[in-house]
Each structure stands twice: as C-alpha cells, then as structure tokens.
Amino acid sequence: MKMRKVFAALGMVAALGVTATTAQAQQGGALERIQQSGVLRVAVPQDFPPFGSVGPDMKPVGYDIDTAQLIATEMGVKLELVPVTSTNRIPYLTTNRVDLVISSMGKNEEREKVIDFTDAYAPFFNGVFGPQDVQVAKAEDLSGKVVGVTRGSVEDIELSKIIPANVTVQRYEDNNGTISAFLSGQVELIATGNVVAASILERNPPRKPEVKFLIKNSPCYVGLNKNETALREKVNEILAKAKSDGSLEQIAQKWLQSGLPADL
Amino acid sequence: MAYSFDFSAVFDYSDVLLQGILMTVQLTAVGTVFGVGLGIVGAAVMTSRSRILRVIVSAYVELIRNTPFLVQLFFIFFGLPALGFRLSAWEAASLAMVINLGAYSTEIIRAGIEATPKGQIEAGLSLGMNRVQVFRHIIISPAMQRIWPALSSQIVIVMLGSAVCSQIAAEELTYAANFIQSRNFRAFESYFVTTILYLALAIALRFVLKMVGNHMFKRRSHA
C-alpha cells in the first residue's frame with residue numbers, strides 16, 4: 001500500500017513537472033528546453049515531394065527534412081521528425097507536440113494570428129517558365145506567344161488576368177499534361193509552380209525551363225509558437241548563416257534543381 | 001438541397017461555348033470528309049486482289065480499332081514530336097479523327113462492297129465498262145447506299161468522341177465546358193448546357209447525313 005502511495009505521489013510530481021514545462025514553453029522557453037533535452041522536434045510533410053515524402057527506406061526525405069537537419073545540427077541537438085499533414089501541422093505546434101513546423105508553409109494573416117514565423121527558408125512561387133533563348137521578362141512580352149498551363153490552377157486564373165489578348169493559352173487537364181506539352185515542344189512557355197518546374201528539370205530535358213517572371217510568390221517559412229523570441233532568433237541566425245555559406249543553396253539544388261532566388 | 005441554379009453563369013461565357021461548337025463542327029467535318037474518303041480507299045483495297053496491300057490496310061484497321069482513341073491522340077500530339085513531327089492541337093485532333101473514322105469506315109464500307117452480287121459486276125464488265133467504271137457505278141454506289149445508316153451512326157460516334165480532343169487543349173466544345181467550369185465552379189450548369197448542345201449537334205448531324213443520303217442515292221437510283 002505504501003509503495004502505491006509513493007508511486008501516486010511520484011506520478012503527481014511528474015504530472016506537475018510536465019504542466020510546468022508546458023507552461024514554460026508557452027512563455028518562451030522552447031530554446032532552453034530543446035538544449036536541455038537535446039532533441040529538436042520538427043513537423044515535416046510526408047506527402048508533398050520534393051519538400052517531404054517517404055523515401056525508399058520508409059524515412060521522410062526532402063527539402064524540409066534537410067532544412068530541419070541543418071537547424072538541428074547547428075543547434076547541436078538530435079532531430080526528431082514528426083510527419084504531419086497540411087491540416088494538422090499548426091495544431092501540432094500550438095499543442096506543443098513539436099518545436100518547429102518546417103512543412104513548406106506559406107505566411108498569411110490568419111496563420112500569423114496563431115503562430116510566429118522565422119525568415120523564409122525555401123522558394124515557393126509560380127511563374128512563367130521557358131528555355132533560356134526565349135526572351136520574356138513580363139506579362140506583356142508574351143504577346144503573340146503560346147503558353148501552356150494547367151486548367152483552373154492558381155497560375156491559370158492569375159495569368160489570364162494579366163496577359164494581353166493576343167496570347168494563346170493552351171490549357172491542359174493536369175500538371176502531367178502541361179509537363180508533357182513542354183517536354184514534347186508543343187509549347188515553349190508554361191505557367192506553373194517552381195516545384196513542377198523542378199520535376200521537369202529532374203528529367204534533364206534538352207530545353208530547360210527557367211523562370212521568366214513571377215506570377216505569385218509565397219516562399220516557405222519555419223513556423224514556431226508565439227513569444228518564442230529566443231528560438232526564433234536562433235533559427236533566423238542559423239538560416240542566415242546557411243544562406244551565406246551556401247548550405248541552403250545546396251539543399252535547393254538537390255531538391256529543386258535550381259538555386260535560391262536572390263531575394264529569399 | 002441548398003444549391004441554387006444559375007445558368008447565367010454559363011451564358012456569360014457564350015462566346016467561349018460558340019467557339020467550342022464551331023471547332024467541334026469543323027473537326028467533325030474534316031474527320032468525316034477525309035475519314036470516309038480514306039474508308040472508301042481502304043475498303044477498295046481490302047476487296048482487291050493485292051495481298052500485300054490487303055495486309056497493310058487490315059493492319060491499320062486492326063491497330064486503330066483495337067486501341068483507345070485517347071491514346072492515339074496522345075501519341076500523335078505528345079509522341080510524334082520526338083520524331084520531329086510536330087502538329088498543333090487542331091491538326092493533331094483532325095488527323096486523329098480522320099485516322100480513326102478511316103479505320104471504322106473501311107470495315108463498314110467493305111461489308112457493303114462484299115454484299116454486291118457477283119453477277120452485277122460480271123454484267124457491268126460484259127457491257128464494256130472498265131474496272132473503274134464498274135467500281136464507281138456498280139460496286140461503291142450501291143454499297144454506300146446499303147451501309148449509309150451504319151456509317152451515319154459511326155460519324156455521330158466520332159463527333160461525340162471529339163470531346164476527348166479537349167485533353168490536348170484543342171478548343172472544342174468539351175474544352176469550352178471544362179474551361180467555363182474551372183472559372184465559375186458551376187459543374188451542373190456547365191455540363192448540363194454542354195450535354196444539351198451535344199445532343200442538338202448530334203440530332204442536327206443525323207439530319208444532315210440523312211439529307212445527304214437522300215440526295216445522293218435518289219439520283220443514283222434514277223440514273
């Protein structure tokens with residue numbers, strides 16, 4: 001009987017401890033906790049290549065995973081990956097199951113009400129892509145040209161608003177149609193996302209799609225809980241270093257087949 | 001049912017629909033004229049004595065009749081550029097329709113030709129007609145008359161099948177419907193209107209083909 005009471009008391013102490021750390025985290029002690037426990041918990045995508053997908057050995061791989069590893073290594077702690085979906089990644093963060101969300105997340109007003117963001121770590125945009133020798137720098141330059149696009153996509157809707165009337169827009173059923181049209185030379189220019197362009201580059205085509213101009217730019221940011229100034233500064237510091245020493249550039253080359261844009 | 005129907009959302013795009021109808025009609029016209037032409041040549045070869053030509057044509061007929069139209073279309077549009085043979089969406093769609101109807105009509109017309117009684121051909125030859133005259137007056141005309149209803153149905157099928165050409169961004173009626181649906185998100189209205197338009201097109205096409213048939217074969221039977 002006595003033992004049981006001891007255990008119960010220990011349990012309560014442990015529970016209190018957990019509550020205490022949770023409360024502490026909400027007040028901004030995440031960095032301290034990470035350094036004490038030696039583990040950085042990061043929410044990563046598992047269904048969004050090339051940012052995060054399940055590799056052949058069933059472990060997550062991708063741009064986001066490499067970025068998470070880079071941050072953990074710089075902090076000198078172990079990395080714990082938590083696979084999430086795009087709907088539950090913010091709840092995972094706000095309920096303190098993870099310290100950071102590196103899940104190809106864009107910044108918007110609604111999200112900023114709930115969580116904080118660091119600096120951008122990955123380019124994410126859609127734009128018009130074409131081979132190097134095609135001279136196009138803005139929507140007006142498309143005049144008289146043919147552009148392939150996936151019907152109903154964001155880039156279709158946005159592009160249709162800004163192009164001159166004499167542009168022929170060939171709309172395909174899905175991204176594969178758009179990719180095929182580009183690869184077979186049926187269209188010289190396509191409007192699509194940088195991720196789709198990366199998947200074309202991966203096939204090493206004779207005519208490489210290069211970005212001509214942006215339609216919509218929404219880079220990815222690392223998400224973290226509000227009031228975690230210390231952690232945010234630490235992550236920003238690591239990202240700034242990774243940008244200047246080329247290690248983030250390496251990750252971009254590896255997963256997106258193209259370098260980081262200058263403004264990232 | 002909280003859905004409120006709004007057909008004006010579709011008719012806002014009536015110019016897009018009209019262009020779609022126009023292209024479907026054009027594709028069907030080109031496909032029919034050249035496809036049936038190809039079918040007559042194919043059928044003539046199939047009933048000829050040249051074994052090599054027969055093998056070539058039956059290989060073509062079997063290849064086309066035993067593969068999906070969509071795959072044929074993709075091959076022409078996305079595949080052939082690898083061989084340096086690049087066609088625009090419109091050209092590829094027209095070509096695919098001609099090739100497709102050509103194969104089916106070869107078989108249909110061949111059946112009509114084979115139903116020609118041998119005695120009629122012999123009668124023609126004994127009257128001093130040459131082979132071309134025999135083929136034209138004794139073989140192909142009655143054959144076309146016999147198979148005209150079957151051929152008409154096949155032409156309507158090909159017209160409806162042209163919907164698939166939207167997949168290579170040929171801007172025909174289905175492409176127009178998909179486009180409108182991707183803009184107003186009114187799937188019911190967009191596809192309802194399109195269905196009615198296809199139905200009207202098919203009925204009109206049947207009527208035209210019937211008229212053409214009446215005109216062509218009435219004159220023949222008087223001659």
# chains A, B, ... in the order shown; residues from 1 in each chain; ligands from 1
$ interface_residues --of "chain B" --to "chain A" --cutoff "7 Å" --atoms "only C-alpha atoms" --output "compact mmCIF listing (two decimals) with N, CA and C atoms, in the first residue's frame"
# COMPACT_ATOMS: atom_id res chain seq x y z
N PHE B 78 1.63 14.22 -78.36
CA PHE B 78 2.79 14.27 -77.45
C PHE B 78 3.93 13.38 -77.92
N PRO B 81 6.22 14.46 -81.78
CA PRO B 81 7.27 15.48 -81.78
C PRO B 81 8.66 14.90 -81.54
N ALA B 82 8.73 13.75 -80.86
CA ALA B 82 10.04 13.12 -80.63
C ALA B 82 10.67 12.72 -81.96
N GLN B 167 -8.39 17.10 -74.27
CA GLN B 167 -7.23 16.71 -73.47
C GLN B 167 -5.91 17.20 -74.04
N ILE B 168 -5.88 17.53 -75.32
CA ILE B 168 -4.65 18.11 -75.88
C ILE B 168 -4.85 19.59 -76.13
N ALA B 169 -5.82 20.18 -75.40
CA ALA B 169 -6.07 21.61 -75.48
C ALA B 169 -6.55 22.05 -76.86
N SER B 182 -14.12 25.57 -64.81
CA SER B 182 -12.98 25.91 -63.95
C SER B 182 -13.02 27.37 -63.54
N ARG B 183 -13.87 28.17 -64.19
CA ARG B 183 -13.95 29.58 -63.84
C ARG B 183 -15.14 29.88 -62.93
$ residues_around --residues "Phe135 (chain B)" --least-positions-apart "6" --cutoff "9 Å" --atoms "only C-alpha atoms" --output "PyMOL selection string"
chain B and resi 44+121+141
$ select_by_dssp --residues "region 155-191 of chain B" --states "helix (DSSP H, G or I)" --output "CSV table (one decimal) with C-alpha atoms, in the first residue's frame"
chain,number,residue,atom,x,y,z
B,155,ILE,CA,-19.9,9.6,-87.9
B,156,VAL,CA,-22.0,10.6,-85.0
B,157,ILE,CA,-19.9,8.5,-82.7
B,158,VAL,CA,-16.8,10.2,-84.0
B,159,MET,CA,-18.3,13.6,-83.5
B,160,LEU,CA,-19.1,12.8,-79.9
B,161,GLY,CA,-15.7,11.2,-79.5
B,162,SER,CA,-14.1,14.5,-80.4
B,163,ALA,CA,-14.8,15.5,-76.8
B,164,VAL,CA,-11.6,13.7,-76.0
B,165,CYS,CA,-9.6,16.2,-78.0
B,166,SER,CA,-10.0,18.7,-75.1
B,167,GLN,CA,-7.2,16.7,-73.5
B,168,ILE,CA,-4.6,18.1,-75.9
B,173,LEU,CA,-17.0,22.1,-77.0
B,174,THR,CA,-15.8,20.0,-74.1
B,175,TYR,CA,-12.7,22.1,-73.7
B,176,ALA,CA,-15.1,25.1,-73.5
B,177,ALA,CA,-17.2,23.3,-70.9
B,178,ASN,CA,-14.2,22.4,-68.8
B,179,PHE,CA,-12.9,26.0,-69.1
B,180,ILE,CA,-16.2,27.5,-68.0
B,181,GLN,CA,-16.5,25.0,-65.2
B,182,SER,CA,-13.0,25.9,-64.0
B,183,ARG,CA,-14.0,29.6,-63.8
B,184,ASN,CA,-17.5,29.6,-62.4
B,187,ALA,CA,-20.4,22.0,-62.8
B,188,PHE,CA,-24.1,21.1,-63.1
B,189,GLU,CA,-25.0,24.1,-65.2
B,190,SER,CA,-21.8,24.0,-67.4
B,191,TYR,CA,-22.1,20.3,-68.2
$ residues_around --residues "Arg203 (chain A)" --least-positions-apart "5" --cutoff "12 Å" --atoms "only C-alpha atoms" --output "PyMOL selection string"
chain A and resi 179-180+183+196-198+208-209+257
$ write_last_selection --atoms "N, CA and C atoms" --output "JSON list (two decimals), in the first residue's frame"
[["chain", "number", "residue", "atom", "x", "y", "z"],
["A", 179, "ILE", "N", 3.31, 19.34, -68.35],
["A", 179, "ILE", "CA", 4.71, 18.89, -68.42],
["A", 179, "ILE", "C", 4.97, 18.24, -69.78],
["A", 180, "SER", "N", 4.06, 17.35, -70.21],
["A", 180, "SER", "CA", 4.23, 16.66, -71.50],
["A", 180, "SER", "C", 4.27, 17.66, -72.65],
["A", 183, "LEU", "N", 7.69, 19.23, -72.58],
["A", 183, "LEU", "CA", 8.77, 18.30, -72.93],
["A", 183, "LEU", "C", 8.72, 17.93, -74.42],
["A", 196, "VAL", "N", 6.84, 22.17, -59.88],
["A", 196, "VAL", "CA", 6.59, 21.44, -61.13],
["A", 196, "VAL", "C", 7.77, 21.62, -62.08],
["A", 197, "ALA", "N", 8.27, 22.86, -62.14],
["A", 197, "ALA", "CA", 9.44, 23.12, -62.99],
["A", 197, "ALA", "C", 10.61, 22.25, -62.55],
["A", 198, "ALA", "N", 10.74, 22.07, -61.23],
["A", 198, "ALA", "CA", 11.82, 21.23, -60.71],
["A", 198, "ALA", "C", 11.64, 19.79, -61.18],
["A", 208, "LYS", "N", 15.64, 23.47, -71.02],
["A", 208, "LYS", "CA", 15.36, 23.56, -69.59],
["A", 208, "LYS", "C", 14.44, 24.73, -69.27],
["A", 209, "PRO", "N", 13.41, 24.51, -68.47],
["A", 209, "PRO", "CA", 12.54, 25.62, -68.09],
["A", 209, "PRO", "C", 13.23, 26.52, -67.06],
["A", 257, "GLN", "N", 16.49, 21.54, -58.05],
["A", 257, "GLN", "CA", 17.30, 21.60, -59.28],
["A", 257, "GLN", "C", 17.59, 23.04, -59.72]]
$ select_by_dssp --residues "region 39-228 of chain A" --states "strand (DSSP E)" --output "number ranges by chain"
A: 39-45, 47-48, 52-54, 60-61, 78-84, 100-106, 116-122, 125-130, 146-150, 168-172, 189-193, 210-217, 220-224
$ write_last_selection --atoms "C-alpha atoms" --output "JSON list (two decimals), in the first residue's frame"
[["chain", "number", "residue", "atom", "x", "y", "z"],
["A", 39, "VAL", "CA", 16.11, 16.97, -29.02],
["A", 40, "LEU", "CA", 14.56, 19.24, -31.64],
["A", 41, "ARG", "CA", 11.08, 18.12, -32.64],
["A", 42, "VAL", "CA", 10.09, 19.24, -36.13],
["A", 43, "ALA", "CA", 6.83, 18.76, -38.01],
["A", 44, "VAL", "CA", 7.58, 17.80, -41.61],
["A", 45, "PRO", "CA", 5.37, 16.87, -44.56],
["A", 47, "ASP", "CA", 3.07, 13.74, -48.87],
["A", 48, "PHE", "CA", 4.50, 16.76, -50.63],
["A", 52, "GLY", "CA", 8.80, 16.00, -47.85],
["A", 53, "SER", "CA", 7.94, 12.47, -48.88],
["A", 54, "VAL", "CA", 8.62, 8.95, -47.72],
["A", 60, "PRO", "CA", 10.97, 11.04, -44.62],
["A", 61, "VAL", "CA", 13.19, 12.79, -47.15],
["A", 78, "LYS", "CA", 19.26, 15.44, -32.11],
["A", 79, "LEU", "CA", 16.48, 15.76, -34.67],
["A", 80, "GLU", "CA", 13.12, 14.14, -34.15],
["A", 81, "LEU", "CA", 10.90, 14.23, -37.23],
["A", 82, "VAL", "CA", 7.15, 14.27, -36.76],
["A", 83, "PRO", "CA", 5.25, 13.60, -40.01],
["A", 84, "VAL", "CA", 2.20, 15.85, -40.30],
["A", 100, "LEU", "CA", 9.12, 23.91, -35.17],
["A", 101, "VAL", "CA", 7.00, 23.40, -38.24],
["A", 102, "ILE", "CA", 9.10, 23.04, -41.38],
["A", 103, "SER", "CA", 6.39, 21.94, -43.68],
["A", 104, "SER", "CA", 6.53, 24.09, -46.84],
["A", 105, "MET", "CA", 4.27, 26.55, -45.07],
["A", 106, "GLY", "CA", 3.49, 29.95, -46.53],
["A", 116, "ASP", "CA", 5.05, 33.13, -35.48],
["A", 117, "PHE", "CA", 7.30, 32.75, -38.48],
["A", 118, "THR", "CA", 11.05, 32.93, -38.98],
["A", 119, "ASP", "CA", 12.70, 34.19, -42.15],
["A", 120, "ALA", "CA", 11.96, 32.33, -45.39],
["A", 121, "TYR", "CA", 13.94, 29.15, -45.97],
["A", 122, "ALA", "CA", 12.63, 27.89, -49.33],
["A", 125, "PHE", "CA", 6.23, 30.57, -56.35],
["A", 126, "ASN", "CA", 4.51, 30.18, -59.62],
["A", 127, "GLY", "CA", 5.53, 31.96, -62.72],
["A", 128, "VAL", "CA", 6.16, 31.65, -66.42],
["A", 129, "PHE", "CA", 8.97, 29.28, -67.34],
["A", 130, "GLY", "CA", 10.72, 28.77, -70.65],
["A", 146, "VAL", "CA", 1.67, 30.32, -76.78],
["A", 147, "VAL", "CA", 1.68, 29.44, -73.09],
["A", 148, "GLY", "CA", 0.75, 26.08, -71.60],
["A", 149, "VAL", "CA", -0.93, 25.93, -68.21],
["A", 150, "THR", "CA", -2.93, 23.53, -66.07],
["A", 168, "THR", "CA", -2.73, 31.84, -76.84],
["A", 169, "VAL", "CA", -3.19, 29.93, -73.61],
["A", 170, "GLN", "CA", -3.26, 26.16, -74.04],
["A", 171, "ARG", "CA", -4.97, 24.70, -71.00],
["A", 172, "TYR", "CA", -4.24, 21.12, -70.05],
["A", 189, "LEU", "CA", 6.44, 28.52, -72.34],
["A", 190, "ILE", "CA", 4.49, 27.22, -69.39],
["A", 191, "ALA", "CA", 2.98, 28.90, -66.39],
["A", 192, "THR", "CA", 3.43, 26.68, -63.37],
["A", 193, "GLY", "CA", 4.92, 26.35, -59.90],
["A", 210, "GLU", "CA", 13.95, 28.76, -66.49],
["A", 211, "VAL", "CA", 11.86, 31.25, -64.62],
["A", 212, "LYS", "CA", 10.93, 34.25, -66.78],
["A", 213, "PHE", "CA", 8.77, 36.20, -64.37],
["A", 214, "LEU", "CA", 6.80, 35.51, -61.21],
["A", 215, "ILE", "CA", 3.03, 35.40, -61.08],
["A", 216, "LYS", "CA", 2.65, 34.79, -57.39],
["A", 217, "ASN", "CA", 5.39, 34.49, -54.79],
["A", 220, "CYS", "CA", 8.09, 28.87, -47.21],
["A", 221, "TYR", "CA", 8.75, 29.88, -43.61],
["A", 222, "VAL", "CA", 9.56, 27.96, -40.47],
["A", 223, "GLY", "CA", 6.62, 28.15, -38.08],
["A", 224, "LEU", "CA", 7.01, 28.36, -34.29]]
$ residues_around --residues "Ala43 (chain B)" --least-positions-apart "5" --cutoff "7 Å" --atoms "only C-alpha atoms" --output "ChimeraX atom specification"
/B:106-107,109-110
$ closest_residue --among "A:Asp57, A:Glu155, A:Glu110, A:Asp99" --to "Ala72 (chain A)" --atoms "only C-alpha atoms"
A:Asp99
$ closest_residue --among "B:Gly124, B:Pro149, B:Gly42, B:Pro142" --to "Phe217 (chain B)" --atoms "only C-alpha atoms"
B:Pro142
$ atom_distance --atom1 "CA of Pro164 (chain A)" --atom2 "CA of Lys145 (chain A)"
10.1 Å
$ residues_around --residues "Ala123 (chain B)" --least-positions-apart "6" --cutoff "10 Å" --atoms "only C-alpha atoms" --output "PyMOL selection string"
chain B and resi 129+134+138
$ write_last_selection --atoms "C-alpha atoms" --output "tab-separated table (two decimals), in the first residue's frame"
chain	number	residue	atom	x	y	z
B	129	MET	CA	-17.37	-0.96	-118.54
B	134	VAL	CA	-17.60	-0.90	-112.51
B	138	ILE	CA	-21.86	-0.94	-109.67
$ residues_around --residues "region 212-214 of chain B" --least-positions-apart "3" --cutoff "8 Å" --atoms "only C-alpha atoms" --output "list in words"
Gln145, Trp148, Val208, Leu209, Phe217 and Lys218 of chain B
$ residues_around --residues "region 26-32 of chain B" --least-positions-apart "5" --cutoff "9 Å" --atoms "only C-alpha atoms" --output "number ranges by chain"
B: 21, 37, 90, 93-102, 155-156, 158-160, 162, 172
$ write_last_selection --atoms "N, CA and C atoms" --output "PDB file, in the first residue's frame"
ATOM      1  N   ILE B  21     -18.336  25.079 -80.109  1.00  0.00           N
ATOM      2  CA  ILE B  21     -19.237  24.414 -81.058  1.00  0.00           C
ATOM      3  C   ILE B  21     -18.643  24.470 -82.457  1.00  0.00           C
ATOM      4  N   GLY B  37     -13.476   9.245 -97.014  1.00  0.00           N
ATOM      5  CA  GLY B  37     -12.650   9.085 -98.202  1.00  0.00           C
ATOM      6  C   GLY B  37     -11.609   7.993 -97.998  1.00  0.00           C
ATOM      7  N   TRP B  90      -5.014  21.500 -83.100  1.00  0.00           N
ATOM      8  CA  TRP B  90      -6.090  21.351 -84.068  1.00  0.00           C
ATOM      9  C   TRP B  90      -5.726  20.323 -85.137  1.00  0.00           C
ATOM     10  N   ALA B  93      -5.742  16.832 -83.618  1.00  0.00           N
ATOM     11  CA  ALA B  93      -7.099  16.351 -83.388  1.00  0.00           C
ATOM     12  C   ALA B  93      -7.757  15.941 -84.699  1.00  0.00           C
ATOM     13  N   SER B  94      -7.601  16.780 -85.748  1.00  0.00           N
ATOM     14  CA  SER B  94      -8.190  16.446 -87.046  1.00  0.00           C
ATOM     15  C   SER B  94      -7.608  15.147 -87.575  1.00  0.00           C
ATOM     16  N   LEU B  95      -6.282  15.040 -87.503  1.00  0.00           N
ATOM     17  CA  LEU B  95      -5.611  13.844 -88.028  1.00  0.00           C
ATOM     18  C   LEU B  95      -6.089  12.597 -87.295  1.00  0.00           C
ATOM     19  N   ALA B  96      -6.174  12.705 -85.973  1.00  0.00           N
ATOM     20  CA  ALA B  96      -6.603  11.554 -85.189  1.00  0.00           C
ATOM     21  C   ALA B  96      -8.025  11.136 -85.575  1.00  0.00           C
ATOM     22  N   MET B  97      -8.886  12.120 -85.819  1.00  0.00           N
ATOM     23  CA  MET B  97     -10.264  11.796 -86.182  1.00  0.00           C
ATOM     24  C   MET B  97     -10.343  11.174 -87.561  1.00  0.00           C
ATOM     25  N   VAL B  98      -9.555  11.685 -88.496  1.00  0.00           N
ATOM     26  CA  VAL B  98      -9.535  11.109 -89.848  1.00  0.00           C
ATOM     27  C   VAL B  98      -9.059   9.658 -89.787  1.00  0.00           C
ATOM     28  N   ILE B  99      -7.960   9.452 -89.082  1.00  0.00           N
ATOM     29  CA  ILE B  99      -7.396   8.107 -88.991  1.00  0.00           C
ATOM     30  C   ILE B  99      -8.383   7.153 -88.327  1.00  0.00           C
ATOM     31  N   ASN B 100      -9.031   7.656 -87.273  1.00  0.00           N
ATOM     32  CA  ASN B 100      -9.961   6.810 -86.530  1.00  0.00           C
ATOM     33  C   ASN B 100     -11.176   6.444 -87.376  1.00  0.00           C
ATOM     34  N   LEU B 101     -11.821   7.459 -87.965  1.00  0.00           N
ATOM     35  CA  LEU B 101     -13.012   7.174 -88.775  1.00  0.00           C
ATOM     36  C   LEU B 101     -12.618   6.375 -90.017  1.00  0.00           C
ATOM     37  N   GLY B 102     -11.437   6.642 -90.544  1.00  0.00           N
ATOM     38  CA  GLY B 102     -10.962   5.897 -91.711  1.00  0.00           C
ATOM     39  C   GLY B 102     -10.968   4.401 -91.459  1.00  0.00           C
ATOM     40  N   ILE B 155     -20.267   8.144 -87.821  1.00  0.00           N
ATOM     41  CA  ILE B 155     -19.855   9.552 -87.905  1.00  0.00           C
ATOM     42  C   ILE B 155     -20.318  10.306 -86.654  1.00  0.00           C
ATOM     43  N   VAL B 156     -21.539   9.998 -86.194  1.00  0.00           N
ATOM     44  CA  VAL B 156     -22.029  10.642 -84.969  1.00  0.00           C
ATOM     45  C   VAL B 156     -21.151  10.228 -83.782  1.00  0.00           C
ATOM     46  N   VAL B 158     -18.027   9.438 -83.848  1.00  0.00           N
ATOM     47  CA  VAL B 158     -16.756  10.154 -83.951  1.00  0.00           C
ATOM     48  C   VAL B 158     -16.929  11.607 -83.532  1.00  0.00           C
ATOM     49  N   MET B 159     -18.065  12.195 -83.902  1.00  0.00           N
ATOM     50  CA  MET B 159     -18.325  13.581 -83.492  1.00  0.00           C
ATOM     51  C   MET B 159     -18.345  13.675 -81.963  1.00  0.00           C
ATOM     52  N   LEU B 160     -19.065  12.740 -81.335  1.00  0.00           N
ATOM     53  CA  LEU B 160     -19.119  12.760 -79.865  1.00  0.00           C
ATOM     54  C   LEU B 160     -17.748  12.442 -79.273  1.00  0.00           C
ATOM     55  N   SER B 162     -15.012  13.381 -80.340  1.00  0.00           N
ATOM     56  CA  SER B 162     -14.104  14.529 -80.446  1.00  0.00           C
ATOM     57  C   SER B 162     -13.977  15.247 -79.109  1.00  0.00           C
ATOM     58  N   GLU B 172     -12.343  22.636 -78.452  1.00  0.00           N
ATOM     59  CA  GLU B 172     -13.675  22.272 -78.927  1.00  0.00           C
ATOM     60  C   GLU B 172     -14.678  22.378 -77.770  1.00  0.00           C
TER      61      GLU B 172
END
$ closest_residue --among "B:Ala89, B:Val55, B:Ile113, B:Val61" --to "Phe74 (chain B)" --atoms "only C-alpha atoms"
B:Ala89
